[in-house]
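Below: entry_28.txt (compact mmCIF, C-alpha atoms and all ligand atoms)
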# COMPACT_ATOMS: atom_id res chain seq x y z
CA MET H 1 0.00 0.00 0.00
CA THR H 2 1.17 3.49 -0.80
CA ASP H 3 1.92 4.82 2.71
CA THR H 4 4.67 2.25 3.12
CA ALA H 5 5.77 1.91 -0.49
CA SER H 6 9.33 2.90 -1.32
CA LYS H 7 9.95 5.75 -3.75
CA SER H 8 11.34 3.41 -6.41
CA GLY H 9 7.98 1.67 -6.63
CA SER H 10 9.55 -1.65 -5.67
CA ASN H 11 8.26 -2.31 -2.20
CA GLU H 12 10.15 -4.93 -0.25
CA GLN H 13 8.68 -3.84 3.10
CA LYS H 14 5.94 -5.92 4.68
CA ARG H 15 2.68 -4.45 3.49
CA ARG H 16 -0.68 -4.90 5.06
CA LYS H 17 -3.65 -6.15 3.08
CA VAL H 18 -5.68 -3.35 1.53
CA THR H 19 -9.33 -3.58 2.52
CA VAL H 20 -12.47 -1.61 1.76
CA PRO H 21 -12.50 0.11 5.20
CA TRP H 22 -8.81 0.97 4.79
CA LEU H 23 -9.45 2.70 1.45
CA ILE H 24 -12.08 4.88 3.12
CA ARG H 25 -9.62 5.70 5.90
CA MET H 26 -7.03 6.61 3.27
CA LYS H 27 -9.39 9.33 2.06
CA GLN H 28 -9.91 10.54 5.63
CA LYS H 29 -6.15 10.66 6.15
CA GLY H 30 -5.53 12.40 2.81
CA LEU H 31 -3.51 9.45 1.45
CA LYS H 32 -3.67 9.07 -2.32
CA ILE H 33 -4.84 5.74 -3.73
CA ALA H 34 -2.88 4.09 -6.57
CA ALA H 35 -4.68 1.67 -8.87
CA LEU H 36 -3.99 -0.14 -12.14
CA THR H 37 -5.67 -2.78 -14.25
CA ALA H 38 -4.40 -6.35 -14.62
CA TYR H 39 -5.75 -9.23 -16.66
CA ASP H 40 -3.36 -12.13 -15.93
CA PHE H 41 -1.38 -13.76 -13.11
CA THR H 42 2.12 -12.64 -14.11
CA MET H 43 1.33 -8.95 -14.52
CA ALA H 44 -0.86 -8.96 -11.41
CA ALA H 45 1.95 -10.44 -9.30
CA ILE H 46 4.44 -7.83 -10.54
CA GLU H 47 1.99 -4.95 -10.01
CA ASP H 48 1.01 -6.18 -6.56
CA SER H 49 4.63 -6.52 -5.46
CA ALA H 50 5.20 -2.85 -6.37
CA GLY H 51 2.66 -1.83 -3.73
CA LEU H 52 -0.57 -0.89 -5.52
CA ASP H 53 -3.66 -0.25 -3.40
CA ILE H 54 -6.20 -1.53 -5.93
CA ILE H 55 -5.89 -3.93 -8.85
CA LEU H 56 -8.86 -3.84 -11.21
CA VAL H 57 -9.66 -6.62 -13.62
CA GLY H 58 -11.18 -4.16 -16.06
CA ASP H 59 -13.42 -5.00 -18.97
CA SER H 60 -10.91 -2.83 -20.86
CA ALA H 61 -9.49 -6.34 -21.41
CA GLY H 62 -11.86 -6.44 -24.38
CA MET H 63 -9.76 -3.72 -25.99
CA VAL H 64 -6.20 -4.36 -24.78
CA ILE H 65 -6.31 -8.19 -24.63
CA SER H 66 -8.85 -8.99 -27.35
CA GLY H 67 -8.25 -6.04 -29.69
CA ALA H 68 -11.94 -5.09 -29.87
CA PRO H 69 -12.95 -1.47 -30.53
CA ASP H 70 -14.85 -1.27 -27.24
CA THR H 71 -15.61 -3.22 -24.05
CA LEU H 72 -19.09 -4.48 -24.94
CA ALA H 73 -18.32 -8.03 -26.04
CA VAL H 74 -16.56 -9.13 -22.85
CA THR H 75 -18.53 -11.93 -21.18
CA LEU H 76 -19.08 -12.83 -17.54
CA ASP H 77 -17.21 -16.12 -18.03
CA GLU H 78 -14.23 -14.24 -19.49
CA MET H 79 -14.22 -11.85 -16.51
CA ILE H 80 -14.32 -14.82 -14.12
CA PHE H 81 -11.42 -16.51 -15.96
CA MET H 82 -9.26 -13.37 -15.84
CA THR H 83 -10.19 -12.59 -12.24
CA ARG H 84 -9.23 -16.11 -11.13
CA ASN H 85 -5.82 -15.76 -12.81
CA VAL H 86 -5.21 -12.30 -11.37
CA ARG H 87 -6.35 -13.53 -7.93
CA ARG H 88 -3.39 -15.92 -7.79
CA GLY H 89 -0.97 -13.03 -8.27
CA VAL H 90 -2.46 -10.54 -5.82
CA LYS H 91 -1.42 -10.61 -2.18
CA THR H 92 -2.03 -7.16 -0.73
CA ALA H 93 -3.96 -4.98 -3.19
CA LEU H 94 -7.75 -4.94 -3.08
CA LEU H 95 -8.93 -7.03 -6.03
CA VAL H 96 -11.85 -5.37 -7.80
CA THR H 97 -13.43 -6.78 -10.93
CA ASP H 98 -15.71 -5.22 -13.53
CA MET H 99 -19.25 -6.44 -14.02
CA PRO H 100 -19.33 -6.73 -17.82
CA PHE H 101 -22.00 -5.23 -20.08
CA GLY H 102 -25.20 -7.26 -19.81
CA SER H 103 -24.43 -8.77 -16.41
CA PHE H 104 -26.18 -6.14 -14.27
CA GLN H 105 -28.78 -4.51 -16.55
CA ILE H 106 -31.37 -7.29 -16.73
CA SER H 107 -32.62 -7.86 -13.19
CA LYS H 108 -31.60 -7.52 -9.58
CA GLU H 109 -31.45 -11.33 -9.31
CA LYS H 110 -29.15 -11.74 -12.33
CA THR H 111 -26.92 -8.95 -11.04
CA VAL H 112 -26.51 -10.64 -7.67
CA GLU H 113 -25.92 -14.00 -9.35
CA ALA H 114 -23.18 -12.50 -11.57
CA ALA H 115 -21.51 -10.67 -8.68
CA ILE H 116 -21.50 -13.84 -6.58
CA ARG H 117 -19.87 -15.79 -9.43
CA LEU H 118 -17.16 -13.11 -9.78
CA MET H 119 -16.41 -13.45 -6.07
CA LYS H 120 -16.90 -17.20 -5.61
CA GLU H 121 -15.34 -18.47 -8.86
CA GLY H 122 -13.02 -15.54 -9.59
CA GLY H 123 -11.98 -14.53 -6.09
CA ALA H 124 -12.86 -10.83 -6.51
CA GLU H 125 -13.13 -8.84 -3.29
CA ALA H 126 -15.38 -6.18 -4.82
CA VAL H 127 -17.22 -5.52 -8.07
CA LYS H 128 -17.44 -2.39 -10.20
CA LEU H 129 -20.62 -1.30 -11.98
CA GLU H 130 -20.79 1.47 -14.54
CA GLY H 131 -23.57 4.03 -14.24
CA GLY H 132 -25.53 6.05 -11.71
CA LYS H 133 -29.14 6.22 -10.59
CA GLN H 134 -30.30 3.48 -12.96
CA ASN H 135 -28.32 0.92 -10.88
CA LEU H 136 -29.35 1.95 -7.39
CA GLU H 137 -31.70 -0.94 -6.68
CA ALA H 138 -29.11 -3.52 -7.71
CA ILE H 139 -26.31 -1.75 -5.82
CA ARG H 140 -28.41 -1.48 -2.63
CA HIS H 141 -29.09 -5.18 -2.85
CA LEU H 142 -25.43 -6.09 -3.43
CA THR H 143 -24.18 -3.93 -0.58
CA SER H 144 -26.92 -5.20 1.76
CA ILE H 145 -25.67 -8.77 1.31
CA GLY H 146 -22.06 -7.78 1.93
CA ILE H 147 -20.74 -7.39 -1.61
CA PRO H 148 -18.55 -4.28 -1.83
CA VAL H 149 -19.39 -2.19 -4.89
CA MET H 150 -17.32 0.41 -6.69
CA GLY H 151 -19.28 2.90 -8.84
CA HIS H 152 -18.14 4.37 -12.17
CA LEU H 153 -19.38 7.74 -13.48
CA GLY H 154 -18.54 10.10 -16.31
CA LEU H 155 -17.34 8.35 -19.46
CA THR H 156 -18.70 4.90 -18.79
CA PRO H 157 -17.28 2.94 -21.75
CA GLN H 158 -20.16 0.44 -21.83
CA SER H 159 -22.34 3.41 -22.99
CA VAL H 160 -19.94 4.34 -25.82
CA HIS H 161 -22.66 4.11 -28.46
CA ALA H 162 -25.09 6.28 -26.50
CA PHE H 163 -22.30 8.87 -26.04
CA GLY H 164 -21.30 8.70 -29.73
CA GLY H 165 -17.69 7.87 -28.86
CA PHE H 166 -15.26 7.98 -25.94
CA LYS H 167 -16.10 11.63 -25.26
CA LEU H 168 -15.57 13.98 -22.32
CA GLN H 169 -18.63 13.87 -20.02
CA GLY H 170 -19.90 16.49 -17.59
CA ALA H 171 -18.92 19.38 -19.85
CA THR H 172 -22.41 20.93 -19.87
CA ASP H 173 -24.22 22.19 -16.75
CA LYS H 174 -26.90 19.53 -17.16
CA SER H 175 -24.48 16.66 -17.53
CA ALA H 176 -22.27 17.94 -14.66
CA GLU H 177 -25.35 18.19 -12.43
CA ARG H 178 -26.31 14.61 -13.24
CA ILE H 179 -22.84 13.33 -12.37
CA LYS H 180 -22.91 15.22 -9.04
CA GLU H 181 -26.35 13.81 -8.20
CA ASP H 182 -25.32 10.31 -9.25
CA ALA H 183 -22.24 10.44 -6.99
CA ILE H 184 -24.37 11.30 -3.96
CA ALA H 185 -26.94 8.65 -4.88
CA LEU H 186 -24.23 5.99 -5.30
CA GLN H 187 -22.76 6.89 -1.92
CA GLU H 188 -26.21 6.60 -0.32
CA ALA H 189 -26.68 3.20 -1.98
CA GLY H 190 -23.50 2.03 -0.23
CA VAL H 191 -20.68 2.06 -2.80
CA PHE H 192 -17.25 2.27 -1.18
CA SER H 193 -15.58 4.21 -3.98
CA ILE H 194 -16.37 5.81 -7.35
CA VAL H 195 -14.29 5.84 -10.52
CA LEU H 196 -14.59 9.20 -12.30
CA GLU H 197 -13.65 8.80 -15.95
CA LYS H 198 -12.96 11.64 -18.39
CA ILE H 199 -14.75 14.52 -16.71
CA PRO H 200 -13.42 18.09 -16.32
CA LEU H 201 -10.95 18.42 -13.44
CA ASP H 202 -13.01 21.07 -11.59
CA LEU H 203 -16.07 18.81 -11.70
CA ALA H 204 -13.95 15.89 -10.41
CA ARG H 205 -12.73 18.14 -7.57
CA GLU H 206 -16.31 19.11 -6.69
CA VAL H 207 -17.56 15.52 -6.73
CA THR H 208 -14.56 14.39 -4.64
CA ALA H 209 -15.31 17.04 -2.02
CA SER H 210 -19.00 16.16 -1.93
CA VAL H 211 -18.60 12.49 -0.92
CA ASP H 212 -16.97 10.72 2.04
CA ILE H 213 -15.87 7.76 -0.09
CA PRO H 214 -12.74 7.89 -2.27
CA THR H 215 -12.96 8.90 -5.90
CA ILE H 216 -10.54 7.23 -8.31
CA GLY H 217 -9.86 9.33 -11.38
CA ILE H 218 -8.91 8.41 -14.91
CA ALA H 219 -8.57 11.28 -17.39
CA SER H 220 -10.22 13.47 -14.74
CA GLY H 221 -7.32 15.49 -13.37
CA PRO H 222 -5.33 15.57 -10.14
CA TYR H 223 -8.02 16.34 -7.56
CA CYS H 224 -9.47 12.84 -7.13
CA ASP H 225 -8.56 10.75 -4.07
CA GLY H 226 -6.74 8.26 -6.25
CA GLN H 227 -5.82 7.48 -9.84
CA ILE H 228 -6.18 4.50 -12.13
CA LEU H 229 -4.77 3.79 -15.58
CA VAL H 230 -4.99 0.83 -17.91
CA ALA H 231 -1.66 -0.94 -17.30
CA TYR H 232 -0.98 -1.47 -21.02
CA ASP H 233 -1.31 2.30 -21.60
CA MET H 234 1.15 3.40 -18.90
CA LEU H 235 3.59 0.66 -19.87
CA GLY H 236 3.55 1.80 -23.51
CA LEU H 237 2.39 -1.56 -24.82
CA GLU H 238 0.87 -0.14 -28.00
CA SER H 239 -2.65 -0.01 -26.65
CA GLN H 240 -5.30 2.08 -28.38
CA TYR H 241 -5.05 4.83 -25.76
CA MET H 242 -1.37 5.03 -24.90
CA ASN H 243 -0.84 8.29 -26.83
CA LEU H 244 -3.76 10.15 -25.31
CA ARG H 245 -3.28 13.23 -23.11
CA PHE H 246 -4.28 11.60 -19.82
CA VAL H 247 -1.87 8.68 -20.13
CA ARG H 248 1.59 9.15 -18.66
CA ARG H 249 3.89 6.47 -20.04
CA TYR H 250 6.32 5.05 -17.48
CA MET H 251 7.91 2.60 -19.88
CA GLU H 252 8.24 2.16 -23.65
CA GLY H 253 7.11 -1.44 -23.31
CA ALA H 254 6.44 -2.12 -26.99
CA ASP H 255 9.93 -0.92 -27.96
CA LEU H 256 11.53 -3.03 -25.21
CA ILE H 257 9.64 -6.15 -26.28
CA ARG H 258 10.26 -5.59 -30.00
CA ASN H 259 13.95 -5.12 -29.31
CA ALA H 260 14.17 -8.28 -27.17
CA VAL H 261 12.25 -10.32 -29.76
CA GLY H 262 14.47 -8.92 -32.52
CA ARG H 263 17.64 -9.99 -30.66
CA TYR H 264 16.13 -13.44 -30.06
CA ILE H 265 15.38 -13.78 -33.78
CA SER H 266 18.88 -12.77 -34.83
CA ASP H 267 20.48 -15.06 -32.21
CA ILE H 268 18.56 -17.99 -33.73
CA LYS H 269 19.32 -16.99 -37.31
CA ASN H 270 23.03 -16.58 -36.46
CA GLY H 271 23.17 -19.93 -34.66
CA GLU H 272 23.90 -18.21 -31.33
CA PHE H 273 20.87 -19.51 -29.50
CA PRO H 274 20.84 -21.92 -27.80
CA ARG H 275 24.44 -22.50 -26.69
CA GLU H 276 25.65 -25.90 -25.44
CA ASP H 277 25.52 -24.66 -21.84
CA GLU H 278 21.83 -23.89 -22.37
CA SER H 279 21.29 -27.53 -23.38
CA TRP H 280 21.67 -31.03 -21.86
CA HIS H 281 24.30 -33.65 -22.70
CA SER H 282 23.17 -37.29 -22.67
O1 LIG H 301 -12.19 -1.34 -17.64
C1 LIG H 301 -11.35 -0.63 -17.10
O2 LIG H 301 -10.14 -0.83 -17.23
C2 LIG H 301 -11.82 0.49 -16.29
C3 LIG H 301 -10.81 1.45 -15.75
C4 LIG H 301 -10.03 2.12 -16.77
C5 LIG H 301 -11.38 2.39 -14.78
O3 LIG H 301 -12.97 0.59 -16.05

Spit out the file's structure as structure tokens when you get a sec.
Ligand code: KIV
Amino acid sequence: MTDTASKSGSNEQKRRKVTVPWLIRMKQKGLKIAALTAYDFTMAAIEDSAGLDIILVGDSAGMVISGAPDTLAVTLDEMIFMTRNVRRGVKTALLVTDMPFGSFQISKEKTVEAAIRLMKEGGAEAVKLEGGKQNLEAIRHLTSIGIPVMGHLGLTPQSVHAFGGFKLQGATDKSAERIKEDAIALQEAGVFSIVLEKIPLDLAREVTASVDIPTIGIASGPYCDGQILVAYDMLGLESQYMNLRFVRRYMEGADLIRNAVGRYISDIKNGEFPREDESWHS
């Protein structure tokens, strides 16, 4: 967790498990929350060992893992599969998983069933649902039976077609008002945190000040209680978004991989891989 993480990002100190109540206390103490997405065991284990507070199995997997233009096609079974793999790599971060499009819009019963599968079969510790007032009944039910829920307002990618693209939200008075009302309503329904995606930074600051639960921003400026990015974007792994304004790249991952693969290819072509000491004698 961030209050004990070393500056290098590699945290060898003993960290305590991040929990839902601890994240709320982090807001009260003014400690910033650091979150990233992960979709597989290996990446999750590396990210967790660096000291993240939250690891999200995002349905952004549909774009960065599957190469789809949006997140809509991701299924519940795929989310469970990825969550189970990520689960094995996560020791201290809170493991949150996305409820995919179609898993929480049909009925309260189906929503609960899907959330339970994500926790029971995937090992998620909390679920994230996109949207505001339209989900209140389902969220109240989930929180009443002890399932922690993270909200998601602003640019909710599952509504990309209704928005006409991955556009800034909350830019008009009416839309900003709706986001502010939705944040209060989500808090009242019991969510423990809200992702604010691609809204103006002053609106994000206002929403953050209006709720007691932490806001986690993406493309929403510096005044949220925490930040999340899609891991492939910040690692420069040639994702669809890695060149956008809100993404800070901490590594040129695609160049590093291409270079390593290129050296591997030429070692093979030149007969330099494998050597005898990388082989077995009979
Ligand atoms: O799916 C996802 O990765 C997300 C985050 C970017 C917030 O919802």

Return as JSON the centre and edge lengths, in Å with one decimal, of the box along x, y and z that encloses every atom of ligand LIG 301 (chain H) in the file, padded by 3 Å per side.
{"center_x": -11.5, "center_y": 0.5, "center_z": -16.2, "size_x": 8.9, "size_y": 9.7, "size_z": 8.9}

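Among the candidate residues H:Ala162, H:Ile179, H:Met242, H:Ile55, the one lying nearest to Pro200 (chain H) is H:Ile179, with distances computed using all atoms listed in the file.
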
- Task: Could you give me the residues within 10 Å of ligand LIG 301 (chain H), counting only C-alpha atoms and all ligand atoms, as a ChimeraX atom specification?
- Result: /H:35-39,55-64,70-71,97-100,128-130,151-153,155-158,194-197,216-219,227-233

Report as JSON lines the residues of region 99-216 of chain H within 9 Å of region 10-29 of chain H, each with its shortest atom pair and distance in Å (one decimal), using only C-alpha atoms, ordered by chain and increasing residue number.
{"residue": "H:Glu125", "atom": "CA", "partner": "H:Thr19", "partner_atom": "CA", "distance": 8.7}
{"residue": "H:Ala126", "atom": "CA", "partner": "H:Val20", "partner_atom": "CA", "distance": 8.5}
{"residue": "H:Pro148", "atom": "CA", "partner": "H:Val20", "partner_atom": "CA", "distance": 7.5}
{"residue": "H:Phe192", "atom": "CA", "partner": "H:Val20", "partner_atom": "CA", "distance": 6.8}
{"residue": "H:Ser193", "atom": "CA", "partner": "H:Ile24", "partner_atom": "CA", "distance": 7.9}
{"residue": "H:Asp212", "atom": "CA", "partner": "H:Ile24", "partner_atom": "CA", "distance": 7.7}
{"residue": "H:Ile213", "atom": "CA", "partner": "H:Ile24", "partner_atom": "CA", "distance": 5.7}
{"residue": "H:Pro214", "atom": "CA", "partner": "H:Lys27", "partner_atom": "CA", "distance": 5.7}
{"residue": "H:Thr215", "atom": "CA", "partner": "H:Lys27", "partner_atom": "CA", "distance": 8.7}

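In terms of minimum interatomic distance to Ala183 (chain H), H:Gly131 ranks closest within H:Gly131, H:Pro222, H:Gly271, H:Gly146, counting all atoms listed in the file.
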
- How many Å lie between CA of Arg178 (chain H) and CA of Gln134 (chain H), rounded to one decimal? 11.8 Å

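What separates CA of Arg205 (chain H) from CA of Phe163 (chain H) is a distance of 22.8 Å.
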
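Remark: for Ile139 (chain H), the closest of the candidate residues H:Ala209, H:Leu94, H:Leu201, H:Val127 is H:Val127 (distances computed over all atoms listed in the file).
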
- For CA of Ala73 (chain H) and CA of Asp255 (chain H), quote the distance in Å rounded to one decimal. 29.2 Å

- Which of these residues is nearest to Gly102 (chain H), using all atoms listed in the file: H:Asn270, H:Thr75, H:Ser175, H:Ser282? H:Thr75

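Taking all atoms listed in the file into account, Thr143 (chain H) lies nearest to H:Gly190 out of the set H:Gly190, H:Ile184, H:Lys110, H:Phe104.
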